[in-house]
file query33.tsv (TSV, C-alpha atoms and all ligand atoms)
chain	number	residue	atom	x	y	z
A	51	MET	CA	138.67	95.13	115.02
A	52	LYS	CA	137.63	92.12	112.96
A	53	LEU	CA	134.35	92.57	111.12
A	54	ALA	CA	131.52	90.16	111.97
A	55	ILE	CA	131.31	89.32	108.27
A	56	ASP	CA	134.89	87.99	108.57
A	57	GLY	CA	134.20	86.03	111.75
A	58	GLY	CA	134.55	88.83	114.35
A	59	THR	CA	132.09	89.62	117.15
A	60	PRO	CA	129.14	91.71	115.98
A	61	VAL	CA	128.50	95.10	117.55
A	62	ARG	CA	125.01	93.94	118.47
A	63	ASP	CA	123.78	90.49	119.35
A	64	THR	CA	120.25	90.75	118.00
A	65	GLN	CA	119.17	87.53	119.75
A	66	ALA	CA	119.98	88.99	123.13
A	67	ARG	CA	119.00	92.56	122.21
A	68	PRO	CA	116.40	92.59	119.42
A	69	TRP	CA	115.50	95.86	117.69
A	70	PRO	CA	112.13	97.45	118.51
A	71	GLY	CA	109.26	95.50	116.95
A	72	TRP	CA	106.48	96.71	114.69
A	73	PRO	CA	103.53	97.15	114.91
A	74	VAL	CA	103.14	98.53	118.42
A	75	TRP	CA	99.76	97.67	119.94
A	76	ASP	CA	98.02	96.97	123.23
A	77	GLU	CA	94.53	96.78	124.72
A	78	ARG	CA	93.52	99.95	122.82
A	79	GLU	CA	93.60	98.02	119.56
A	80	GLU	CA	92.09	94.89	121.12
A	81	GLN	CA	89.21	96.87	122.58
A	82	ALA	CA	88.54	98.82	119.38
A	83	LEU	CA	88.53	95.69	117.21
A	84	LEU	CA	86.28	93.82	119.63
A	85	GLU	CA	83.85	96.73	119.70
A	86	VAL	CA	83.52	96.61	115.92
A	87	LEU	CA	83.21	92.82	115.96
A	88	ARG	CA	80.49	92.82	118.59
A	89	SER	CA	78.60	95.74	117.02
A	90	GLY	CA	78.07	93.72	113.84
A	91	ARG	CA	78.77	96.97	111.96
A	92	TRP	CA	81.75	95.82	109.95
A	93	GLY	CA	81.38	97.89	106.80
A	94	ILE	CA	82.06	101.61	106.55
A	95	TRP	CA	78.44	102.15	105.49
A	96	ASP	CA	77.21	100.41	108.66
A	97	GLY	CA	79.40	102.17	111.21
A	98	SER	CA	80.79	105.63	111.91
A	99	ARG	CA	84.50	105.00	112.50
A	100	GLY	CA	85.65	105.28	108.90
A	101	GLU	CA	84.06	108.70	108.41
A	102	ARG	CA	85.20	109.87	111.83
A	103	PHE	CA	88.81	108.81	111.22
A	104	ALA	CA	88.77	110.40	107.74
A	105	GLU	CA	87.83	113.73	109.29
A	106	THR	CA	90.27	113.41	112.22
A	107	PHE	CA	93.22	112.49	110.03
A	108	ALA	CA	92.46	115.06	107.32
A	109	ARG	CA	92.27	117.81	109.96
A	110	PHE	CA	95.48	116.54	111.57
A	111	GLN	CA	97.22	116.92	108.20
A	112	GLY	CA	95.76	120.42	107.84
A	113	ALA	CA	93.14	119.52	105.22
A	114	GLU	CA	89.42	120.16	105.22
A	115	TYR	CA	88.37	116.80	103.75
A	116	GLY	CA	89.49	113.18	103.73
A	117	VAL	CA	88.27	110.09	101.87
A	118	VAL	CA	89.50	106.81	103.35
A	119	ASN	CA	90.07	103.89	100.98
A	120	THR	CA	91.78	100.55	100.49
A	121	ASN	CA	95.49	101.45	100.22
A	122	GLY	CA	98.02	104.07	99.18
A	123	THR	CA	98.23	102.77	95.61
A	124	ALA	CA	94.47	103.17	95.25
A	125	ALA	CA	94.66	106.59	96.94
A	126	LEU	CA	97.06	107.79	94.22
A	127	GLU	CA	94.82	106.39	91.47
A	128	ILE	CA	91.75	107.99	93.03
A	129	ALA	CA	93.50	111.37	93.27
A	130	LEU	CA	94.63	111.19	89.62
A	131	ARG	CA	91.12	110.24	88.47
A	132	ALA	CA	89.63	113.03	90.58
A	133	ALA	CA	92.10	115.42	88.96
A	134	GLY	CA	90.53	114.50	85.62
A	135	LEU	CA	93.60	112.89	84.06
A	136	GLN	CA	92.91	112.06	80.42
A	137	MET	CA	94.40	109.40	78.13
A	138	GLY	CA	97.98	110.38	77.28
A	139	ASP	CA	98.30	113.19	79.81
A	140	GLU	CA	101.81	113.39	81.19
A	141	VAL	CA	102.48	113.32	84.91
A	142	ILE	CA	105.93	114.20	86.23
A	143	VAL	CA	107.15	111.77	88.89
A	144	PRO	CA	110.49	111.01	90.54
A	145	PRO	CA	112.13	107.65	89.70
A	146	TYR	CA	113.23	107.15	93.32
A	147	THR	CA	110.01	105.92	94.93
A	148	PHE	CA	107.73	102.92	95.23
A	149	ILE	CA	106.25	101.67	91.94
A	150	ALA	CA	102.75	102.89	92.85
A	151	THR	CA	103.70	106.54	92.26
A	152	ALA	CA	104.22	105.78	88.58
A	153	SER	CA	101.95	102.76	88.09
A	154	ALA	CA	98.98	104.83	89.35
A	155	VAL	CA	99.59	107.15	86.39
A	156	LEU	CA	99.51	104.22	83.96
A	157	MET	CA	96.42	102.77	85.66
A	158	THR	CA	94.62	106.05	84.97
A	159	ASN	CA	95.79	106.08	81.31
A	160	GLY	CA	98.41	108.76	81.84
A	161	VAL	CA	102.10	108.70	80.99
A	162	PRO	CA	104.66	108.93	83.78
A	163	VAL	CA	107.53	111.27	82.93
A	164	PHE	CA	110.50	110.70	85.20
A	165	ALA	CA	112.51	113.69	86.40
A	166	ASP	CA	115.69	113.30	88.43
A	167	ILE	CA	116.04	113.73	92.17
A	168	ASP	CA	118.01	116.08	94.40
A	169	PRO	CA	121.31	114.41	95.44
A	170	ASP	CA	121.01	115.63	99.04
A	171	THR	CA	117.39	114.68	99.78
A	172	TYR	CA	116.52	112.08	97.08
A	173	ASN	CA	113.27	114.02	96.54
A	174	LEU	CA	112.08	115.28	93.15
A	175	ASP	CA	114.43	118.05	91.97
A	176	PRO	CA	112.21	121.04	91.09
A	177	LYS	CA	114.63	122.12	88.34
A	178	ALA	CA	114.50	118.68	86.72
A	179	ALA	CA	110.72	118.70	87.06
A	180	GLU	CA	110.58	122.07	85.32
A	181	ALA	CA	112.75	120.80	82.48
A	182	ALA	CA	110.38	117.83	82.01
A	183	ILE	CA	107.30	119.98	81.38
A	184	THR	CA	105.79	119.69	77.88
A	185	PRO	CA	102.50	120.93	76.42
A	186	ARG	CA	101.02	117.54	77.44
A	187	THR	CA	101.99	117.81	81.13
A	188	ARG	CA	98.95	117.80	83.37
A	189	ALA	CA	100.21	117.07	86.86
A	190	ILE	CA	103.20	116.59	89.15
A	191	ILE	CA	103.43	114.02	91.91
A	192	ALA	CA	105.70	115.20	94.72
A	193	VAL	CA	106.81	112.21	96.80
A	194	HIS	CA	107.98	112.91	100.35
A	195	ILE	CA	110.48	110.11	100.25
A	196	ALA	CA	111.46	108.41	103.51
A	197	GLY	CA	109.15	110.91	105.24
A	198	CYS	CA	111.21	113.96	104.26
A	199	PRO	CA	109.05	116.68	102.73
A	200	ALA	CA	109.93	117.60	99.14
A	201	ASP	CA	110.64	121.26	98.31
A	202	MET	CA	107.01	122.31	98.37
A	203	ASP	CA	107.81	126.01	97.89
A	204	ALA	CA	109.44	125.37	94.53
A	205	LEU	CA	107.00	122.66	93.44
A	206	THR	CA	103.91	124.68	94.38
A	207	ALA	CA	105.26	127.65	92.43
A	208	LEU	CA	106.10	125.42	89.45
A	209	ALA	CA	102.62	123.88	89.43
A	210	TYR	CA	100.96	127.26	89.77
A	211	ASP	CA	103.03	128.93	87.02
A	212	ASN	CA	102.28	126.10	84.60
A	213	SER	CA	98.64	125.43	85.61
A	214	LEU	CA	99.49	121.90	86.73
A	215	ILE	CA	97.79	119.82	89.37
A	216	LEU	CA	100.08	119.02	92.29
A	217	ILE	CA	99.48	115.71	94.06
A	218	GLU	CA	101.51	114.81	97.12
A	219	ASP	CA	102.48	111.17	97.61
A	220	CYS	CA	102.54	111.17	101.41
A	221	CYS	CA	102.54	107.38	101.76
A	222	GLN	CA	105.76	107.60	103.80
A	223	ALA	CA	105.10	110.97	105.41
A	224	HIS	CA	102.35	110.91	108.05
A	225	ALA	CA	102.71	113.98	110.29
A	226	ALA	CA	105.57	115.44	108.22
A	227	GLU	CA	105.69	119.24	107.95
A	228	TRP	CA	107.18	121.69	105.48
A	229	GLY	CA	107.52	125.23	106.83
A	230	GLY	CA	105.06	124.47	109.64
A	231	ARG	CA	102.43	123.08	107.25
A	232	LYS	CA	101.61	119.40	107.27
A	233	VAL	CA	102.11	117.56	104.00
A	234	GLY	CA	99.09	116.46	101.99
A	235	SER	CA	97.36	119.80	102.46
A	236	ILE	CA	99.94	121.89	100.56
A	237	GLY	CA	99.25	120.56	97.05
A	238	ASP	CA	95.83	119.92	95.51
A	239	MET	CA	95.48	116.46	97.05
A	240	GLY	CA	97.59	114.22	99.27
A	241	ALA	CA	97.61	110.41	99.20
A	242	PHE	CA	98.58	108.37	102.29
A	243	SER	CA	99.11	104.66	102.90
A	244	PHE	CA	98.25	102.72	106.05
A	245	GLN	CA	99.98	99.52	104.86
A	246	SER	CA	101.63	97.44	107.56
A	247	SER	CA	105.16	98.88	107.32
A	248	LYS	CA	103.92	102.47	107.45
A	249	ASN	CA	104.20	104.81	110.43
A	250	LEU	CA	100.39	104.67	110.75
A	251	ASN	CA	99.27	101.13	110.17
A	252	ALA	CA	96.03	99.20	109.68
A	253	GLY	CA	97.58	96.30	107.77
A	254	GLU	CA	96.26	97.93	104.60
A	255	GLY	CA	94.43	101.22	104.01
A	256	GLY	CA	94.73	104.66	102.48
A	257	ILE	CA	93.28	108.16	102.41
A	258	VAL	CA	93.14	111.12	100.05
A	259	VAL	CA	93.09	114.48	101.82
A	260	THR	CA	92.28	117.81	100.17
A	261	ASN	CA	91.11	121.34	100.82
A	262	SER	CA	88.96	121.35	97.69
A	263	ARG	CA	85.29	120.51	98.06
A	264	GLU	CA	85.18	119.58	94.38
A	265	TYR	CA	88.07	117.10	94.60
A	266	TYR	CA	86.62	115.70	97.81
A	267	GLU	CA	83.26	114.98	96.17
A	268	ARG	CA	84.95	113.38	93.16
A	269	CYS	CA	87.18	111.20	95.35
A	270	TRP	CA	84.18	110.18	97.45
A	271	SER	CA	82.28	109.12	94.31
A	272	ILE	CA	85.22	107.19	92.88
A	273	VAL	CA	85.57	105.27	96.16
A	274	ASN	CA	81.82	104.64	96.36
A	275	VAL	CA	81.08	103.10	92.94
A	276	GLY	CA	80.19	106.43	91.36
A	277	ARG	CA	77.43	107.41	93.79
A	278	ALA	CA	76.95	111.09	94.62
A	279	ILE	CA	77.15	112.28	98.22
A	280	GLY	CA	73.57	112.22	99.52
A	281	GLY	CA	72.39	110.36	96.39
A	282	ALA	CA	70.32	107.19	96.21
A	283	TRP	CA	71.94	103.78	96.73
A	284	TYR	CA	71.28	102.60	93.18
A	285	ASP	CA	71.96	105.92	91.50
A	286	HIS	CA	75.45	106.12	89.94
A	287	PRO	CA	75.92	109.39	88.09
A	288	PHE	CA	79.71	108.93	87.85
A	289	LEU	CA	82.22	106.21	87.06
A	290	GLY	CA	83.71	104.77	90.21
A	291	SER	CA	84.79	101.56	91.82
A	292	ASN	CA	84.62	100.07	95.30
A	293	TYR	CA	87.67	101.30	97.19
A	294	ARG	CA	86.08	101.31	100.64
A	295	MET	CA	87.96	100.34	103.80
A	296	THR	CA	86.27	98.41	106.60
A	297	GLU	CA	85.36	99.52	110.10
A	298	PHE	CA	88.01	97.11	111.42
A	299	GLN	CA	90.68	99.08	109.59
A	300	ALA	CA	89.25	102.36	110.86
A	301	ALA	CA	89.19	101.01	114.43
A	302	LEU	CA	92.86	100.05	114.19
A	303	LEU	CA	93.70	103.44	112.71
A	304	GLU	CA	91.95	105.35	115.48
A	305	ALA	CA	93.89	103.38	118.08
A	306	GLN	CA	97.22	103.61	116.23
A	307	PHE	CA	96.71	107.31	115.65
A	308	THR	CA	96.85	107.98	119.42
A	309	ARG	CA	100.53	106.98	119.26
A	310	LEU	CA	101.53	108.79	116.07
A	311	PRO	CA	102.61	112.18	117.53
A	312	GLU	CA	104.84	110.66	120.21
A	313	GLN	CA	106.31	108.06	117.83
A	314	THR	CA	107.00	110.75	115.22
A	315	GLU	CA	108.89	112.85	117.77
A	316	HIS	CA	110.80	109.80	118.99
A	317	ARG	CA	111.95	108.80	115.50
A	318	TRP	CA	112.87	112.34	114.52
A	319	ARG	CA	114.87	112.87	117.72
A	320	ASN	CA	116.87	109.68	117.13
A	321	ALA	CA	117.31	110.46	113.42
A	322	GLN	CA	118.74	113.86	114.26
A	323	ILE	CA	121.24	112.25	116.65
A	324	LEU	CA	122.20	109.80	113.90
A	325	ASN	CA	122.56	112.62	111.36
A	326	HIS	CA	124.90	114.39	113.73
A	327	ARG	CA	127.03	111.39	114.72
A	328	LEU	CA	127.25	109.68	111.32
A	329	ALA	CA	128.43	112.95	109.76
A	330	ASP	CA	131.67	112.55	111.75
A	331	ILE	CA	132.49	109.21	110.10
A	332	PRO	CA	134.65	109.57	106.96
A	333	GLY	CA	132.96	108.27	103.82
A	334	ILE	CA	129.45	108.48	105.36
A	335	ARG	CA	127.09	111.26	104.39
A	336	PRO	CA	123.71	111.62	106.11
A	337	MET	CA	120.94	113.11	103.97
A	338	LYS	CA	120.57	116.87	104.14
A	339	VAL	CA	117.51	118.25	105.89
A	340	ASP	CA	116.30	121.58	104.51
A	341	GLU	CA	115.69	124.12	107.28
A	342	ARG	CA	112.08	124.41	106.06
A	343	VAL	CA	111.49	120.78	107.08
A	344	THR	CA	109.84	121.38	110.45
A	345	VAL	CA	108.90	117.71	110.96
A	346	HIS	CA	110.53	114.75	109.19
A	347	ALA	CA	108.34	111.65	109.41
A	348	CYS	CA	111.37	109.30	109.26
A	349	HIS	CA	109.61	106.40	107.59
A	350	LEU	CA	113.11	105.30	106.65
A	351	TYR	CA	116.48	106.39	107.90
A	352	VAL	CA	118.58	106.86	104.75
A	353	PHE	CA	122.27	107.71	104.57
A	354	ARG	CA	124.89	107.67	101.82
A	355	VAL	CA	128.12	105.69	101.58
A	356	ASP	CA	130.93	106.92	99.38
A	357	GLU	CA	132.35	104.00	97.40
A	358	SER	CA	135.21	106.18	96.24
A	359	ALA	CA	136.33	107.04	99.77
A	360	PRO	CA	139.70	105.59	100.92
A	361	GLY	CA	139.40	101.81	101.17
A	362	GLY	CA	136.83	101.66	98.41
A	363	MET	CA	134.33	99.25	99.97
A	364	THR	CA	131.39	98.77	97.63
A	365	ARG	CA	127.94	99.67	98.89
A	366	ALA	CA	126.93	96.01	98.49
A	367	ARG	CA	129.80	94.86	100.73
A	368	PHE	CA	129.09	97.68	103.19
A	369	ILE	CA	125.46	96.54	103.54
A	370	GLU	CA	126.47	92.93	104.01
A	371	ALA	CA	128.99	93.95	106.66
A	372	LEU	CA	126.57	96.22	108.52
A	373	ASN	CA	123.91	93.49	108.57
A	374	ALA	CA	126.49	91.10	109.99
A	375	GLU	CA	127.20	93.61	112.77
A	376	GLY	CA	123.56	93.26	113.84
A	377	VAL	CA	122.23	96.39	112.14
A	378	PRO	CA	119.61	95.33	109.57
A	379	CYS	CA	119.81	97.51	106.48
A	380	SER	CA	119.15	97.38	102.75
A	381	ALA	CA	119.93	99.13	99.47
A	382	GLY	CA	116.36	100.19	98.66
A	383	TYR	CA	114.95	101.08	95.26
A	384	VAL	CA	116.01	100.57	91.68
A	385	PRO	CA	115.24	103.52	89.35
A	386	LEU	CA	111.58	102.86	88.52
A	387	TYR	CA	112.04	103.20	84.77
A	388	ARG	CA	114.26	100.11	84.74
A	389	ASN	CA	111.24	97.93	85.55
A	390	HIS	CA	110.13	95.73	82.69
A	391	LEU	CA	106.65	97.25	82.95
A	392	PHE	CA	107.86	100.47	81.37
A	393	ARG	CA	109.17	98.64	78.32
A	394	THR	CA	105.90	96.90	77.60
A	395	HIS	CA	102.90	98.90	78.72
A	396	ASN	CA	100.55	99.83	75.89
A	397	THR	CA	99.93	103.44	77.00
A	398	VAL	CA	103.66	103.92	76.93
A	399	ALA	CA	103.95	102.29	73.52
A	400	ALA	CA	101.13	104.49	72.20
A	401	THR	CA	102.94	107.64	73.26
A	402	ARG	CA	106.32	106.39	72.04
A	403	MET	CA	107.88	107.14	75.42
A	404	ASP	CA	111.21	105.30	75.40
A	405	TYR	CA	112.20	104.56	78.97
A	406	ALA	CA	114.95	102.17	77.88
A	407	LYS	CA	117.06	105.15	76.83
A	408	LEU	CA	116.39	107.15	79.98
A	409	ARG	CA	119.38	107.92	82.23
A	410	LEU	CA	118.82	109.93	85.40
A	411	PRO	CA	122.27	110.03	86.98
A	412	VAL	CA	121.39	111.14	90.50
A	413	ALA	CA	118.72	108.46	90.92
A	414	GLU	CA	121.03	105.84	89.41
A	415	ARG	CA	123.88	106.76	91.74
A	416	ALA	CA	121.53	106.64	94.75
A	417	CYS	CA	120.10	103.26	93.73
A	418	ASP	CA	123.27	101.58	92.47
A	419	HIS	CA	126.03	102.91	94.71
A	420	GLU	CA	125.06	105.20	97.53
A	421	ALA	CA	121.87	104.74	99.56
A	422	VAL	CA	121.59	102.66	102.71
A	423	TRP	CA	118.21	102.23	104.38
A	424	LEU	CA	117.26	101.46	107.94
A	425	ALA	CA	113.58	100.74	108.65
A	426	GLN	CA	111.53	103.07	110.83
A	427	PRO	CA	111.02	100.80	113.88
A	428	MET	CA	114.77	101.00	114.56
A	429	LEU	CA	114.31	104.70	115.26
A	430	LEU	CA	111.88	103.88	118.07
A	431	GLY	CA	114.78	102.59	120.15
A	432	THR	CA	116.81	103.87	123.09
A	433	PRO	CA	119.94	106.06	123.06
A	434	GLU	CA	121.95	102.80	123.34
A	435	ASP	CA	120.24	101.49	120.18
A	436	VAL	CA	121.19	104.67	118.32
A	437	GLN	CA	124.78	104.36	119.52
A	438	ASP	CA	124.92	100.73	118.30
A	439	ILE	CA	124.07	101.94	114.79
A	440	VAL	CA	126.78	104.59	114.97
A	441	ASP	CA	129.35	102.12	116.36
A	442	ALA	CA	128.54	99.50	113.73
A	443	VAL	CA	128.78	102.01	110.85
A	444	ALA	CA	132.07	103.36	112.25
A	445	LYS	CA	133.47	99.83	112.62
A	446	VAL	CA	132.60	98.84	109.05
A	447	GLN	CA	133.93	102.13	107.70
A	448	ARG	CA	137.19	101.83	109.65
A	449	ALA	CA	137.67	98.36	108.19
A	450	ALA	CA	137.16	99.79	104.71
A	451	VAL	CA	139.84	102.40	105.29
A	452	GLY	CA	142.12	99.71	106.74
A	501	LIG	C1	106.03	106.33	98.24
A	501	LIG	C2	104.91	105.32	98.23
A	501	LIG	N1	103.87	105.51	97.41
A	501	LIG	C3	102.84	104.64	97.37
A	501	LIG	C4	102.81	103.53	98.17
A	501	LIG	C5	101.66	102.56	98.05
A	501	LIG	O1	100.98	102.34	99.25
A	501	LIG	P1	100.24	100.94	99.50
A	501	LIG	O2	101.28	99.93	99.80
A	501	LIG	O3	99.35	101.23	100.69
A	501	LIG	O4	99.44	100.63	98.29
A	501	LIG	C6	103.86	103.30	99.06
A	501	LIG	C7	103.86	102.13	99.97
A	501	LIG	O5	104.52	101.17	99.85
A	501	LIG	C8	104.95	104.21	99.08
A	501	LIG	O6	106.00	104.01	99.88

call {"tool": "encode", "arguments": {"input": "query33.tsv", "output": "structure tokens"}}
result
Amino acid sequence: MKLAIDGGTPVRDTQARPWPGWPVWDEREEQALLEVLRSGRWGIWDGSRGERFAETFARFQGAEYGVVNTNGTAALEIALRAAGLQMGDEVIVPPYTFIATASAVLMTNGVPVFADIDPDTYNLDPKAAEAAITPRTRAIIAVHIAGCPADMDALTALAYDNSLILIEDCCQAHAAEWGGRKVGSIGDMGAFSFQSSKNLNAGEGGIVVTNSREYYERCWSIVNVGRAIGGAWYDHPFLGSNYRMTEFQAALLEAQFTRLPEQTEHRWRNAQILNHRLADIPGIRPMKVDERVTVHACHLYVFRVDESAPGGMTRARFIEALNAEGVPCSAGYVPLYRNHLFRTHNTVAATRMDYAKLRLPVAERACDHEAVWLAQPMLLGTPEDVQDIVDAVAKVQRAAVG
């Protein structure tokens, strides 16, 4: 069958049958936003929604405390500051993630140390993380990439054995569970994003969740210009900034949150069908899901193409062809350490960390040759939508084989 990229008929006519849209909203959001508008209580200090949502979401993720803030990038910076990161402290991070995981370390005067990822999950490889520990290591950031929990058994043990702080980057992993425990509450602190592409969305927004009263109080102060909980308005015993979210964001989050459990189940169900069906197509390898992953948040659906399979279609050509078949997809990240930032930043220069020489082969293979991403709204579709993805992948792959 002729590929759409070569003038054939696409598997899916996206004009006639568009993919599910994002965000999903209705009168719940309208009502909540209007209530805030009409109340005149627009700031988190004026209203009660921000605090209420912080508690609801923290409890949902299995944590005692939550501090809402402006975005996931800020949430990571707040968590690192609350952890007491000092100038030059090393923080182990994976290279296969959004820039914020590593830039938050630089913003708090630390040094990101990249450790390679697991080839089957693209999450931080605990063995590589262990090998990256030095006397200057202070913390590890475990990213639950694409919504798939990292190996929290191994990473918790590693952090404990080496007296390291373990921060979870849960920006893609709302509702995800490892061994029946929700992410964010397994390490010392968990940082979430509510940016517009995320599975829980307020346009922008973030939260740090924790079971530690001490970390909670520190995060609260950092978000609230260094005030102390219960302290006077113009008393600032600590160094902080203004990272507060508004009541409008909290209102959206409360409304969006009512949909999160059902949407999570829906995505995960469709992702499992895809994992099963794509595994039958030669040259296509779905990501592996550890049996301790009890809920995968499926912020992205990621699978691997094998450029060396018969036919030898490059990943770039595969992605072009799949897009032409009406299945929007992309290649995703570059290894973070290739960004110019890591050649020039003064903290990095001061510590003589030479990222230009760094080679992490698993991350490089994933970024340069292997990974294909589908965005989360596509997983909110029908069984027919799922089958279109399978049919399009099979068609492109058959053409590669010839
Ligand atoms: C893994 C990861 N970490 C951090 C962030 C930063 O979140 P935000 O965009 O809310 O600043 C994102 C979001 O893009 C992310 O995907």

call {"tool": "closest_residue", "arguments": {"input": "query33.tsv", "among": "A:Asp418, A:Glu357, A:Glu105, A:Glu127", "to": "ligand LIG 501 (chain A)", "atoms": "all atoms listed in the file"}}
result
A:Glu127

call {"tool": "closest_residue", "arguments": {"input": "query33.tsv", "among": "A:Leu424, A:Ile215, A:Leu126, A:Ala54", "to": "Val273 of chain A", "atoms": "only C-alpha atoms"}}
result
A:Leu126

call {"tool": "residues_near_ligand", "arguments": {"input": "query33.tsv", "ligand": "ligand LIG 501 (chain A)", "cutoff": "7 Å", "atoms": "all atoms listed in the file", "output": "PDB file with C-alpha atoms, keeping the file's coordinate frame"}}
result
ATOM      1  CA  ASN A 121      95.490 101.450 100.220  1.00  0.00           C
ATOM      2  CA  GLY A 122      98.020 104.070  99.180  1.00  0.00           C
ATOM      3  CA  THR A 123      98.230 102.770  95.610  1.00  0.00           C
ATOM      4  CA  ALA A 124      94.470 103.170  95.250  1.00  0.00           C
ATOM      5  CA  THR A 147     110.010 105.920  94.930  1.00  0.00           C
ATOM      6  CA  PHE A 148     107.730 102.920  95.230  1.00  0.00           C
ATOM      7  CA  ALA A 150     102.750 102.890  92.850  1.00  0.00           C
ATOM      8  CA  THR A 151     103.700 106.540  92.260  1.00  0.00           C
ATOM      9  CA  VAL A 193     106.810 112.210  96.800  1.00  0.00           C
ATOM     10  CA  ILE A 195     110.480 110.110 100.250  1.00  0.00           C
ATOM     11  CA  ASP A 219     102.480 111.170  97.610  1.00  0.00           C
ATOM     12  CA  CYS A 220     102.540 111.170 101.410  1.00  0.00           C
ATOM     13  CA  CYS A 221     102.540 107.380 101.760  1.00  0.00           C
ATOM     14  CA  GLN A 222     105.760 107.600 103.800  1.00  0.00           C
ATOM     15  CA  SER A 243      99.110 104.660 102.900  1.00  0.00           C
ATOM     16  CA  PHE A 244      98.250 102.720 106.050  1.00  0.00           C
ATOM     17  CA  GLN A 245      99.980  99.520 104.860  1.00  0.00           C
ATOM     18  CA  GLU A 254      96.260  97.930 104.600  1.00  0.00           C
ATOM     19  CA  GLY A 255      94.430 101.220 104.010  1.00  0.00           C
ATOM     20  CA  GLY A 256      94.730 104.660 102.480  1.00  0.00           C
TER      21      GLY A 256
END

call {"tool": "residues_around", "arguments": {"input": "query33.tsv", "residues": "Asn389 of chain A", "least_positions_apart": "5", "cutoff": "10 Å", "atoms": "all atoms listed in the file", "output": "compact mmCIF listing (two decimals) with C-alpha atoms, in the coordinates of the input"}}
result
# COMPACT_ATOMS: atom_id res chain seq x y z
CA ILE A 149 106.25 101.67 91.94
CA VAL A 384 116.01 100.57 91.68
CA THR A 394 105.90 96.90 77.60
CA TYR A 405 112.20 104.56 78.97
CA ALA A 406 114.95 102.17 77.88

call {"tool": "residues_around", "arguments": {"input": "query33.tsv", "residues": "Val345 of chain A", "least_positions_apart": "6", "cutoff": "12 Å", "atoms": "only C-alpha atoms", "output": "PDB file with C-alpha atoms, keeping the file's coordinate frame"}}
result
ATOM      1  CA  HIS A 194     107.980 112.910 100.350  1.00  0.00           C
ATOM      2  CA  GLY A 197     109.150 110.910 105.240  1.00  0.00           C
ATOM      3  CA  CYS A 198     111.210 113.960 104.260  1.00  0.00           C
ATOM      4  CA  PRO A 199     109.050 116.680 102.730  1.00  0.00           C
ATOM      5  CA  ALA A 200     109.930 117.600  99.140  1.00  0.00           C
ATOM      6  CA  ALA A 223     105.100 110.970 105.410  1.00  0.00           C
ATOM      7  CA  HIS A 224     102.350 110.910 108.050  1.00  0.00           C
ATOM      8  CA  ALA A 225     102.710 113.980 110.290  1.00  0.00           C
ATOM      9  CA  ALA A 226     105.570 115.440 108.220  1.00  0.00           C
ATOM     10  CA  GLU A 227     105.690 119.240 107.950  1.00  0.00           C
ATOM     11  CA  TRP A 228     107.180 121.690 105.480  1.00  0.00           C
ATOM     12  CA  GLY A 229     107.520 125.230 106.830  1.00  0.00           C
ATOM     13  CA  GLY A 230     105.060 124.470 109.640  1.00  0.00           C
ATOM     14  CA  ARG A 231     102.430 123.080 107.250  1.00  0.00           C
ATOM     15  CA  LYS A 232     101.610 119.400 107.270  1.00  0.00           C
ATOM     16  CA  VAL A 233     102.110 117.560 104.000  1.00  0.00           C
ATOM     17  CA  PRO A 311     102.610 112.180 117.530  1.00  0.00           C
ATOM     18  CA  THR A 314     107.000 110.750 115.220  1.00  0.00           C
ATOM     19  CA  GLU A 315     108.890 112.850 117.770  1.00  0.00           C
ATOM     20  CA  HIS A 316     110.800 109.800 118.990  1.00  0.00           C
ATOM     21  CA  ARG A 317     111.950 108.800 115.500  1.00  0.00           C
ATOM     22  CA  TRP A 318     112.870 112.340 114.520  1.00  0.00           C
ATOM     23  CA  ARG A 319     114.870 112.870 117.720  1.00  0.00           C
ATOM     24  CA  ALA A 321     117.310 110.460 113.420  1.00  0.00           C
ATOM     25  CA  GLN A 322     118.740 113.860 114.260  1.00  0.00           C
ATOM     26  CA  VAL A 339     117.510 118.250 105.890  1.00  0.00           C
TER      27      VAL A 339
END

call {"tool": "atom_distance", "arguments": {"input": "query33.tsv", "atom1": "atom CA of Tyr383 of chain A", "atom2": "atom CA of Leu350 of chain A"}}
result
12.3 Å

call {"tool": "residues_around", "arguments": {"input": "query33.tsv", "residues": "Ala425 of chain A", "least_positions_apart": "6", "cutoff": "9 Å", "atoms": "only C-alpha atoms", "output": "PDB file with C-alpha atoms, in the coordinates of the input"}}
result
ATOM      1  CA  SER A 247     105.160  98.880 107.320  1.00  0.00           C
ATOM      2  CA  CYS A 348     111.370 109.300 109.260  1.00  0.00           C
ATOM      3  CA  HIS A 349     109.610 106.400 107.590  1.00  0.00           C
ATOM      4  CA  LEU A 350     113.110 105.300 106.650  1.00  0.00           C
ATOM      5  CA  TYR A 351     116.480 106.390 107.900  1.00  0.00           C
ATOM      6  CA  VAL A 352     118.580 106.860 104.750  1.00  0.00           C
ATOM      7  CA  PRO A 378     119.610  95.330 109.570  1.00  0.00           C
ATOM      8  CA  CYS A 379     119.810  97.510 106.480  1.00  0.00           C
ATOM      9  CA  SER A 380     119.150  97.380 102.750  1.00  0.00           C
TER      10      SER A 380
END

call {"tool": "residues_around", "arguments": {"input": "query33.tsv", "residues": "Asp201 of chain A", "least_positions_apart": "3", "cutoff": "8 Å", "atoms": "all atoms listed in the file", "output": "MDAnalysis selection string"}}
result
chainID A and resid 173 176 204:205 228

call {"tool": "write_last_selection", "arguments": {"input": "query33.tsv", "atoms": "C-alpha atoms", "output": "JSON list (two decimals), in the coordinates of the input"}}
result
[["chain", "number", "residue", "atom", "x", "y", "z"],
["A", 173, "ASN", "CA", 113.27, 114.02, 96.54],
["A", 176, "PRO", "CA", 112.21, 121.04, 91.09],
["A", 204, "ALA", "CA", 109.44, 125.37, 94.53],
["A", 205, "LEU", "CA", 107.00, 122.66, 93.44],
["A", 228, "TRP", "CA", 107.18, 121.69, 105.48]]
